[in-house]
file my_file.pdb (PDB, C-alpha atoms and all ligand atoms)
ATOM      1  CA  MET A   1      -8.480  19.338   6.327  1.00  0.00           C
ATOM      2  CA  SER A   2      -7.808  22.681   4.896  1.00  0.00           C
ATOM      3  CA  ARG A   3      -4.580  24.052   3.671  1.00  0.00           C
ATOM      4  CA  ARG A   4      -5.354  27.143   5.641  1.00  0.00           C
ATOM      5  CA  GLY A   5      -2.173  28.760   6.747  1.00  0.00           C
ATOM      6  CA  SER A   6      -4.254  30.273   9.493  1.00  0.00           C
ATOM      7  CA  ARG A   7      -4.361  27.163  11.607  1.00  0.00           C
ATOM      8  CA  LYS A   8      -1.358  27.265  13.841  1.00  0.00           C
ATOM      9  CA  PRO A   9      -0.344  24.258  15.835  1.00  0.00           C
ATOM     10  CA  GLU A  10      -1.212  24.202  19.444  1.00  0.00           C
ATOM     11  CA  LYS A  11       0.402  22.166  22.039  1.00  0.00           C
ATOM     12  CA  GLY A  12      -1.624  19.150  21.680  1.00  0.00           C
ATOM     13  CA  GLU A  13      -2.394  12.185  20.423  1.00  0.00           C
ATOM     14  CA  ALA A  14      -1.796   9.156  19.676  1.00  0.00           C
ATOM     15  CA  PRO A  15      -4.721   6.854  19.403  1.00  0.00           C
ATOM     16  CA  GLY A  16      -3.312   4.725  22.134  1.00  0.00           C
ATOM     17  CA  LYS A  17      -1.512   5.099  25.391  1.00  0.00           C
ATOM     18  CA  GLY A  18       1.795   3.773  24.165  1.00  0.00           C
ATOM     19  CA  ARG A  19       4.420   5.772  22.388  1.00  0.00           C
ATOM     20  CA  VAL A  20       5.375   4.874  18.865  1.00  0.00           C
ATOM     21  CA  SER A  21       8.970   4.029  18.225  1.00  0.00           C
ATOM     22  CA  LEU A  22      10.012   5.213  14.789  1.00  0.00           C
ATOM     23  CA  GLU A  23      12.891   2.874  14.222  1.00  0.00           C
ATOM     24  CA  PRO A  24      14.448   2.832  10.766  1.00  0.00           C
ATOM     25  CA  PHE A  25      13.380   0.257   8.257  1.00  0.00           C
ATOM     26  CA  SER A  26      15.369  -2.830   8.928  1.00  0.00           C
ATOM     27  CA  GLY A  27      16.205  -2.957   5.237  1.00  0.00           C
ATOM     28  CA  GLY A  28      18.761  -0.268   6.088  1.00  0.00           C
ATOM     29  CA  GLN A  29      18.384   1.785   2.931  1.00  0.00           C
ATOM     30  CA  MET A  30      15.811   4.197   4.262  1.00  0.00           C
ATOM     31  CA  ASN A  31      15.047   5.663   7.610  1.00  0.00           C
ATOM     32  CA  PHE A  32      12.358   7.940   8.869  1.00  0.00           C
ATOM     33  CA  ASP A  33      14.521  11.029   8.892  1.00  0.00           C
ATOM     34  CA  GLU A  34      15.198  10.479   5.238  1.00  0.00           C
ATOM     35  CA  LEU A  35      11.587   9.656   4.489  1.00  0.00           C
ATOM     36  CA  GLY A  36      10.430  12.677   6.451  1.00  0.00           C
ATOM     37  CA  GLY A  37      12.783  14.885   4.471  1.00  0.00           C
ATOM     38  CA  ARG A  38      11.523  13.521   1.191  1.00  0.00           C
ATOM     39  CA  LEU A  39       7.923  13.905   2.275  1.00  0.00           C
ATOM     40  CA  ARG A  40       8.534  17.504   3.283  1.00  0.00           C
ATOM     41  CA  SER A  41      10.198  18.159  -0.079  1.00  0.00           C
ATOM     42  CA  ILE A  42       7.113  16.873  -1.871  1.00  0.00           C
ATOM     43  CA  TYR A  43       4.900  19.110   0.266  1.00  0.00           C
ATOM     44  CA  GLU A  44       7.151  22.112  -0.391  1.00  0.00           C
ATOM     45  CA  GLU A  45       7.274  21.483  -4.110  1.00  0.00           C
ATOM     46  CA  TYR A  46       3.501  21.306  -4.160  1.00  0.00           C
ATOM     47  CA  ASP A  47       3.286  24.558  -2.217  1.00  0.00           C
ATOM     48  CA  ARG A  48       5.553  26.269  -4.745  1.00  0.00           C
ATOM     49  CA  GLN A  49       3.666  24.951  -7.741  1.00  0.00           C
ATOM     50  CA  ALA A  50       0.260  25.662  -6.228  1.00  0.00           C
ATOM     51  CA  SER A  51       1.087  29.155  -5.003  1.00  0.00           C
ATOM     52  CA  ALA A  52      -0.439  30.862  -8.033  1.00  0.00           C
ATOM     53  CA  PHE A  53      -3.657  28.899  -7.582  1.00  0.00           C
ATOM     54  CA  VAL A  54      -4.093  29.637  -3.896  1.00  0.00           C
ATOM     55  CA  ALA A  55      -3.005  33.268  -4.020  1.00  0.00           C
ATOM     56  CA  ASN A  56      -6.604  34.444  -4.052  1.00  0.00           C
ATOM     57  CA  ALA A  57      -8.041  31.841  -1.724  1.00  0.00           C
ATOM     58  CA  ALA A  58     -10.917  32.951   0.465  1.00  0.00           C
ATOM     59  CA  CYS A  59      -9.756  30.803   3.387  1.00  0.00           C
ATOM     60  CA  SER A  60      -9.201  32.639   6.644  1.00  0.00           C
ATOM     61  CA  LYS A  61      -8.429  32.029  10.275  1.00  0.00           C
ATOM     62  CA  GLY A  62     -11.247  30.454  12.229  1.00  0.00           C
ATOM     63  CA  CYS A  63     -12.991  29.002   9.194  1.00  0.00           C
ATOM     64  CA  ALA A  64     -12.659  25.256   9.578  1.00  0.00           C
ATOM     65  CA  LEU A  65     -15.522  23.854   7.542  1.00  0.00           C
ATOM     66  CA  CYS A  66     -13.159  21.481   5.795  1.00  0.00           C
ATOM     67  CA  CYS A  67     -12.190  20.083   9.210  1.00  0.00           C
ATOM     68  CA  THR A  68     -15.686  19.939  10.714  1.00  0.00           C
ATOM     69  CA  ASP A  69     -18.105  18.930   7.963  1.00  0.00           C
ATOM     70  CA  VAL A  70     -15.810  16.313   6.622  1.00  0.00           C
ATOM     71  CA  GLY A  71     -16.034  12.824   5.187  1.00  0.00           C
ATOM     72  CA  ASN A  72     -12.834  10.981   4.462  1.00  0.00           C
ATOM     73  CA  ILE A  73      -9.476  12.602   5.159  1.00  0.00           C
ATOM     74  CA  ASP A  74      -7.178  10.368   3.162  1.00  0.00           C
ATOM     75  CA  ILE A  75      -3.647   9.828   4.413  1.00  0.00           C
ATOM     76  CA  THR A  76      -0.846   7.375   3.758  1.00  0.00           C
ATOM     77  CA  THR A  77       0.619   5.173   6.485  1.00  0.00           C
ATOM     78  CA  LEU A  78       3.805   7.219   6.276  1.00  0.00           C
ATOM     79  CA  GLU A  79       1.915  10.425   6.970  1.00  0.00           C
ATOM     80  CA  GLY A  80       0.134   8.589   9.784  1.00  0.00           C
ATOM     81  CA  LEU A  81       3.456   7.747  11.421  1.00  0.00           C
ATOM     82  CA  PHE A  82       4.534  11.350  11.418  1.00  0.00           C
ATOM     83  CA  LEU A  83       1.195  12.337  12.906  1.00  0.00           C
ATOM     84  CA  LEU A  84       1.744   9.811  15.706  1.00  0.00           C
ATOM     85  CA  LYS A  85       5.256  11.076  16.266  1.00  0.00           C
ATOM     86  CA  GLN A  86       3.951  14.611  16.586  1.00  0.00           C
ATOM     87  CA  LEU A  87       1.224  13.474  18.942  1.00  0.00           C
ATOM     88  CA  ASP A  88       3.817  12.035  21.267  1.00  0.00           C
ATOM     89  CA  THR A  89       4.993  15.596  21.861  1.00  0.00           C
ATOM     90  CA  LEU A  90       1.601  16.858  23.063  1.00  0.00           C
ATOM     91  CA  GLU A  91       0.324  17.022  26.585  1.00  0.00           C
ATOM     92  CA  ALA A  92      -1.292  13.912  28.037  1.00  0.00           C
ATOM     93  CA  GLU A  93      -4.699  15.515  28.406  1.00  0.00           C
ATOM     94  CA  VAL A  94      -4.713  16.685  24.815  1.00  0.00           C
ATOM     95  CA  ARG A  95      -3.550  13.262  23.629  1.00  0.00           C
ATOM     96  CA  SER A  96      -6.333  11.643  25.576  1.00  0.00           C
ATOM     97  CA  GLY A  97      -8.927  13.938  23.975  1.00  0.00           C
ATOM     98  CA  ILE A  98      -7.609  13.155  20.514  1.00  0.00           C
ATOM     99  CA  ARG A  99      -7.580   9.430  21.252  1.00  0.00           C
ATOM    100  CA  GLN A 100     -11.270   9.590  22.128  1.00  0.00           C
ATOM    101  CA  GLY A 101     -11.892  11.750  19.077  1.00  0.00           C
ATOM    102  CA  LEU A 102     -10.226   9.191  16.820  1.00  0.00           C
ATOM    103  CA  LEU A 103     -12.425   6.412  18.193  1.00  0.00           C
ATOM    104  CA  ARG A 104     -15.520   8.558  17.711  1.00  0.00           C
ATOM    105  CA  ASN A 105     -14.434   9.555  14.227  1.00  0.00           C
ATOM    106  CA  LYS A 106     -13.867   5.915  13.236  1.00  0.00           C
ATOM    107  CA  ALA A 107     -17.275   4.862  14.585  1.00  0.00           C
ATOM    108  CA  GLU A 108     -19.051   7.752  12.844  1.00  0.00           C
ATOM    109  CA  ARG A 109     -17.344   7.188   9.528  1.00  0.00           C
ATOM    110  CA  GLU A 110     -18.172   3.459   9.745  1.00  0.00           C
ATOM    111  CA  ARG A 111     -21.802   4.543   9.961  1.00  0.00           C
ATOM    112  CA  GLY A 112     -21.336   6.788   6.920  1.00  0.00           C
ATOM    113  CA  LEU A 113     -21.617  10.041   8.891  1.00  0.00           C
ATOM    114  CA  LEU A 114     -19.662  13.230   8.448  1.00  0.00           C
ATOM    115  CA  SER A 115     -17.304  13.593  11.359  1.00  0.00           C
ATOM    116  CA  ARG A 116     -15.286  16.435  12.839  1.00  0.00           C
ATOM    117  CA  CYS A 117     -11.536  15.864  12.593  1.00  0.00           C
ATOM    118  CA  PRO A 118     -10.162  14.696  15.958  1.00  0.00           C
ATOM    119  CA  PHE A 119      -7.185  17.019  15.559  1.00  0.00           C
ATOM    120  CA  LEU A 120      -9.248  20.188  15.486  1.00  0.00           C
ATOM    121  CA  SER A 121      -9.184  22.076  18.761  1.00  0.00           C
ATOM    122  CA  ASP A 122     -12.176  23.774  20.374  1.00  0.00           C
ATOM    123  CA  GLU A 123     -10.685  27.025  19.083  1.00  0.00           C
ATOM    124  CA  GLN A 124     -10.883  25.668  15.526  1.00  0.00           C
ATOM    125  CA  LEU A 125      -7.116  25.292  15.247  1.00  0.00           C
ATOM    126  CA  CYS A 126      -5.257  22.307  13.877  1.00  0.00           C
ATOM    127  CA  LEU A 127      -3.340  20.584  16.667  1.00  0.00           C
ATOM    128  CA  VAL A 128      -0.941  18.950  14.207  1.00  0.00           C
ATOM    129  CA  TYR A 129      -0.587  21.765  11.731  1.00  0.00           C
ATOM    130  CA  GLU A 130       3.121  21.237  11.024  1.00  0.00           C
ATOM    131  CA  VAL A 131       2.610  17.609  10.020  1.00  0.00           C
ATOM    132  CA  ARG A 132      -0.947  17.758   8.681  1.00  0.00           C
ATOM    133  CA  PRO A 133      -1.378  15.320   5.817  1.00  0.00           C
ATOM    134  CA  PHE A 134      -1.455  16.266   2.164  1.00  0.00           C
ATOM    135  CA  SER A 135      -5.250  15.966   2.047  1.00  0.00           C
ATOM    136  CA  CYS A 136      -5.356  19.015   4.258  1.00  0.00           C
ATOM    137  CA  ARG A 137      -2.563  20.879   2.492  1.00  0.00           C
ATOM    138  CA  GLN A 138      -4.206  20.682  -0.910  1.00  0.00           C
ATOM    139  CA  LEU A 139      -7.532  22.201   0.135  1.00  0.00           C
ATOM    140  CA  TYR A 140      -8.434  25.810  -0.538  1.00  0.00           C
ATOM    141  CA  SER A 141     -11.388  27.642  -1.995  1.00  0.00           C
ATOM    142  CA  LEU A 142     -11.662  30.741  -4.140  1.00  0.00           C
ATOM    143  CA  ALA A 143     -15.069  31.477  -2.603  1.00  0.00           C
ATOM    144  CA  ARG A 144     -16.318  31.214   0.940  1.00  0.00           C
ATOM    145  CA  CYS A 145     -17.694  27.719   1.495  1.00  0.00           C
ATOM    146  CA  SER A 146     -21.283  27.521   2.589  1.00  0.00           C
ATOM    147  CA  GLY A 147     -22.018  23.853   2.791  1.00  0.00           C
ATOM    148  CA  GLY A 148     -21.071  23.129  -0.813  1.00  0.00           C
ATOM    149  CA  PRO A 149     -17.763  21.931  -2.211  1.00  0.00           C
ATOM    150  CA  PRO A 150     -14.803  24.342  -2.400  1.00  0.00           C
ATOM    151  CA  THR A 151     -14.167  26.329  -5.588  1.00  0.00           C
ATOM    152  CA  VAL A 152     -10.788  25.276  -6.969  1.00  0.00           C
ATOM    153  CA  HIS A 153      -8.832  25.470 -10.229  1.00  0.00           C
ATOM    154  CA  ARG A 154      -8.762  22.379 -12.393  1.00  0.00           C
ATOM    155  CA  GLY A 155      -4.991  22.765 -12.634  1.00  0.00           C
ATOM    156  CA  ALA A 156      -4.728  22.606  -8.848  1.00  0.00           C
ATOM    157  CA  LEU A 157      -6.708  19.371  -8.812  1.00  0.00           C
ATOM    158  CA  ASP A 158      -4.377  17.821 -11.408  1.00  0.00           C
ATOM    159  CA  LEU A 159      -1.341  18.961  -9.461  1.00  0.00           C
ATOM    160  CA  ALA A 160      -2.787  17.521  -6.243  1.00  0.00           C
ATOM    161  CA  ARG A 161      -3.507  14.197  -7.952  1.00  0.00           C
ATOM    162  CA  ARG A 162       0.070  13.917  -9.173  1.00  0.00           C
ATOM    163  CA  THR A 163       1.353  14.843  -5.734  1.00  0.00           C
ATOM    164  CA  VAL A 164      -0.749  12.138  -4.065  1.00  0.00           C
ATOM    165  CA  MET A 165       0.825   9.587  -6.416  1.00  0.00           C
ATOM    166  CA  ARG A 166       4.320  10.756  -5.464  1.00  0.00           C
ATOM    167  CA  ILE A 167       3.496  10.421  -1.777  1.00  0.00           C
ATOM    168  CA  GLN A 168       2.089   6.935  -2.346  1.00  0.00           C
ATOM    169  CA  ASP A 169       5.214   5.984  -4.324  1.00  0.00           C
ATOM    170  CA  LEU A 170       7.355   7.173  -1.422  1.00  0.00           C
ATOM    171  CA  ASP A 171       5.306   4.912   0.847  1.00  0.00           C
ATOM    172  CA  ALA A 172       5.280   1.963  -1.535  1.00  0.00           C
ATOM    173  CA  MET A 173       5.137  -0.624   1.241  1.00  0.00           C
ATOM    174  CA  GLY A 174       2.266   1.182   2.929  1.00  0.00           C
ATOM    175  CA  TYR A 175      -1.412   1.916   2.562  1.00  0.00           C
ATOM    176  CA  SER A 176      -3.801   4.810   2.050  1.00  0.00           C
ATOM    177  CA  GLY A 177      -7.163   5.460   3.572  1.00  0.00           C
ATOM    178  CA  HIS A 178      -9.179   7.604   5.932  1.00  0.00           C
ATOM    179  CA  LEU A 179      -7.176   9.137   8.751  1.00  0.00           C
ATOM    180  CA  SER A 180      -8.745   7.365  11.725  1.00  0.00           C
ATOM    181  CA  TYR A 181      -8.682   4.013   9.880  1.00  0.00           C
ATOM    182  CA  ILE A 182      -4.973   4.301   9.050  1.00  0.00           C
ATOM    183  CA  LEU A 183      -4.154   5.374  12.597  1.00  0.00           C
ATOM    184  CA  HIS A 184      -6.225   2.455  13.878  1.00  0.00           C
ATOM    185  CA  LEU A 185      -4.044   0.116  11.796  1.00  0.00           C
ATOM    186  CA  LEU A 186      -0.835   1.766  12.959  1.00  0.00           C
ATOM    187  CA  HIS A 187      -1.938   1.416  16.527  1.00  0.00           C
ATOM    188  CA  GLY A 188      -1.881  -2.350  16.120  1.00  0.00           C
ATOM    189  CA  LYS A 189       1.527  -3.517  17.281  1.00  0.00           C
ATOM    190  CA  GLY A 190       1.796  -6.378  14.836  1.00  0.00           C
ATOM    191  CA  PHE A 191       0.827  -4.230  11.873  1.00  0.00           C
ATOM    192  CA  ARG A 192       3.161  -1.438  12.904  1.00  0.00           C
ATOM    193  CA  ARG A 193       6.113  -3.730  13.456  1.00  0.00           C
ATOM    194  CA  GLN A 194       5.614  -5.338  10.080  1.00  0.00           C
ATOM    195  CA  TYR A 195       5.228  -1.983   8.362  1.00  0.00           C
ATOM    196  CA  LEU A 196       8.249  -0.439  10.064  1.00  0.00           C
ATOM    197  CA  ARG A 197      10.313  -3.340   8.820  1.00  0.00           C
ATOM    198  CA  GLY A 198       9.170  -2.674   5.304  1.00  0.00           C
ATOM    199  CA  ARG A 199       7.448  -6.030   5.095  1.00  0.00           C
ATOM    200  CA  SER A 200       3.778  -5.180   5.022  1.00  0.00           C
ATOM    201  CA  ASP A 201       1.566  -8.087   4.077  1.00  0.00           C
ATOM    202  CA  PRO A 202      -1.856  -6.993   2.768  1.00  0.00           C
ATOM    203  CA  SER A 203      -3.360 -10.382   3.627  1.00  0.00           C
ATOM    204  CA  THR A 204      -3.055  -9.543   7.332  1.00  0.00           C
ATOM    205  CA  ILE A 205      -5.485  -6.641   6.986  1.00  0.00           C
ATOM    206  CA  ALA A 206      -7.599  -8.006   4.150  1.00  0.00           C
ATOM    207  CA  ILE A 207     -10.959  -7.954   5.953  1.00  0.00           C
ATOM    208  CA  PHE A 208     -10.512  -4.543   7.558  1.00  0.00           C
ATOM    209  CA  GLY A 209      -8.971  -3.191   4.378  1.00  0.00           C
ATOM    210  CA  ARG A 210     -11.855  -4.247   2.173  1.00  0.00           C
ATOM    211  CA  SER A 211     -14.561  -3.006   4.544  1.00  0.00           C
ATOM    212  CA  HIS A 212     -12.814   0.324   5.159  1.00  0.00           C
ATOM    213  CA  GLY A 213     -11.619   1.200   1.657  1.00  0.00           C
ATOM    214  CA  ILE A 214      -7.922   0.864   2.418  1.00  0.00           C
ATOM    215  CA  ALA A 215      -5.751   1.021  -0.707  1.00  0.00           C
ATOM    216  CA  ILE A 216      -2.384  -0.723  -1.090  1.00  0.00           C
ATOM    217  CA  ASN A 217      -0.035   1.989  -2.311  1.00  0.00           C
ATOM    218  CA  ARG A 218       2.094  -0.207  -4.535  1.00  0.00           C
ATOM    219  CA  PHE A 219      -0.982  -1.560  -6.311  1.00  0.00           C
ATOM    220  CA  ARG A 220      -2.627   1.783  -6.925  1.00  0.00           C
ATOM    221  CA  ARG A 221      -3.651   2.668 -10.425  1.00  0.00           C
ATOM    222  CA  PRO A 222      -2.384   5.940 -11.960  1.00  0.00           C
TER     223      PRO A 222
HETATM  224  S1  LIG B 301      -5.495  17.342  10.412  1.00  0.00           S
HETATM  225 FE1  LIG B 301      -7.684  17.709  10.887  1.00  0.00          FE
HETATM  226  S2  LIG B 301      -7.729  19.706  11.947  1.00  0.00           S
HETATM  227 FE2  LIG B 301      -5.728  19.543  10.888  1.00  0.00          FE
HETATM  228  S3  LIG B 301      -6.074  20.573   8.920  1.00  0.00           S
HETATM  229 FE3  LIG B 301      -6.445  18.366   8.610  1.00  0.00          FE
HETATM  230  S4  LIG B 301      -8.700  18.077   8.878  1.00  0.00           S
HETATM  231 FE4  LIG B 301      -8.106  20.088   9.775  1.00  0.00          FE
END

call {"tool": "encode", "arguments": {"input": "my_file.pdb", "output": "structure tokens", "more": "lines below"}}
Ligand code: SF4
result
Amino acid sequence: MSRRGSRKPEKGEAPGKGRVSLEPFSGGQMNFDELGGRLRSIYEEYDRQASAFVANAACSKGCALCCTDVGNIDITTLEGLFLLKQLDTLEAEVRSGIRQGLLRNKAERERGLLSRCPFLSDEQLCLVYEVRPFSCRQLYSLARCSGGPPTVHRGALDLARRTVMRIQDLDAMGYSGHLSYILHLLHGKGFRRQYLRGRSDPSTIAIFGRSHGIAINRFRRP
């Protein structure tokens, strides 16, 4: 989940066989093009503000520790939708591999294990680099990682925290949680339909949400 500019996208799924239709919210005020634009703006603003922090990062091509030895990769439902949209563009074989990887990742995380990101290719490249979630964009390290946590500026952490809140505000009717858990929810037709209509009802995912640490964006605490 690095913010390593070195990982270029490859041609490369959705957790299920079906395609995801990104219809606009039925409320009519927002649509996914608009939301995507706003999300990209938040990412870009973060990049600008964080540029001084990451200028001397030790991250380099081929180093993917933050994608292999990884616990939770937190994403919002909105980011999850754009991941699914991107996955629709990848080849069937690649999608199938990622689908299996997502199932494995979910099972491993449910057992409390570290789990390789399903979007990381065998060549250690991010298959969804252009739409990787903010969790991945915010990561860098001033020193080569060797099993320990990355070395980062405190200011960068504060900036990342504020940025996460903006992304959650943008997705006020959605949820946040580990990548394969959120994609599991979005794969459920009923959940997705409800969410796309801007009418998410937390009671419908209460059991899964509690057991998998899913946060309701509009109820988050600053
Ligand atoms: S989506 Fe996965 S492979 Fe891509 S940068 Fe994030 S953790 Fe790494």

call {"tool": "residues_near_point", "arguments": {"input": "my_file.pdb", "point": "(-7.3, 21.3, -8.6)", "cutoff": "12 Å", "atoms": "only C-alpha atoms", "output": "PyMOL selection string"}}
result
chain A and resi 46+49-50+52-54+138-142+150-163

call {"tool": "closest_atom_pairs", "arguments": {"input": "my_file.pdb", "of": "chain A", "to": "ligand LIG 301 (chain B)", "cutoff": "6 Å", "atoms": "all atoms listed in the file", "output": "tab-separated table"}}
result
residue	atom	partner	partner_atom	distance
A:Met1	CA	B:LIG301	S4	2.9
A:Ser2	CA	B:LIG301	S3	4.9
A:Cys67	CA	B:LIG301	S4	4.0
A:Cys117	CA	B:LIG301	FE1	4.6
A:Phe119	CA	B:LIG301	S2	4.5
A:Leu120	CA	B:LIG301	S2	3.9
A:Cys126	CA	B:LIG301	S2	4.1
A:Val128	CA	B:LIG301	FE2	5.9
A:Tyr129	CA	B:LIG301	FE2	5.7
A:Arg132	CA	B:LIG301	S1	4.9
A:Cys136	CA	B:LIG301	FE3	4.5

call {"tool": "closest_residue", "arguments": {"input": "my_file.pdb", "among": "A:Phe191, A:Arg144, A:Ile75, A:Thr204", "to": "Ala57 (chain A)", "atoms": "only C-alpha atoms"}}
result
A:Arg144

call {"tool": "resolve_selection", "arguments": {"input": "my_file.pdb", "expression": "the PyMOL selection byres (((chain A and resi 115) around 9) and not hetatm)", "output": "ChimeraX atom specification"}}
result
/A:67-72,104-106,108-109,113-114,116-118

call {"tool": "atom_distance", "arguments": {"input": "my_file.pdb", "atom1": "CA of Lys85 (chain A)", "atom2": "CA of Gly112 (chain A)"}}
result
28.5 Å

call {"tool": "resolve_selection", "arguments": {"input": "my_file.pdb", "expression": "the PyMOL selection byres (((chain A and resi 181) around 12) and not hetatm)", "output": "ChimeraX atom specification"}}
result
/A:15,72-77,80,102-110,175-180,182-188,205,208-215

call {"tool": "atom_distance", "arguments": {"input": "my_file.pdb", "atom1": "CA of Arg199 (chain A)", "atom2": "CA of Leu83 (chain A)"}}
result
20.9 Å

call {"tool": "atom_distance", "arguments": {"input": "my_file.pdb", "atom1": "CA of Arg192 (chain A)", "atom2": "CA of Cys66 (chain A)"}}
result
29.0 Å

call {"tool": "closest_residue", "arguments": {"input": "my_file.pdb", "among": "A:Ser203, A:Thr89, A:Phe82, A:Arg220", "to": "Arg40 (chain A)", "atoms": "all atoms listed in the file"}}
result
A:Phe82

call {"tool": "closest_residue", "arguments": {"input": "my_file.pdb", "among": "A:Asp88, A:Ser51, A:Glu44, A:Leu65", "to": "Pro149 (chain A)", "atoms": "all atoms listed in the file"}}
result
A:Leu65

call {"tool": "closest_residue", "arguments": {"input": "my_file.pdb", "among": "A:Ala143, A:Met165, A:Leu39, A:Leu78", "to": "Asn56 (chain A)", "atoms": "only C-alpha atoms"}}
result
A:Ala143

call {"tool": "axis_aligned_box", "arguments": {"input": "my_file.pdb", "around": "region 71-85 of chain A", "padding_each_side": "5 Å", "output": "JSON"}}
result
{"center_x": -5.4, "center_y": 9.0, "center_z": 9.7, "size_x": 31.3, "size_y": 17.7, "size_z": 23.1}

call {"tool": "closest_residue", "arguments": {"input": "my_file.pdb", "among": "A:Gly37, A:Pro133, A:Gly174, A:Gly147", "to": "Ala64 (chain A)", "atoms": "only C-alpha atoms"}}
result
A:Gly147
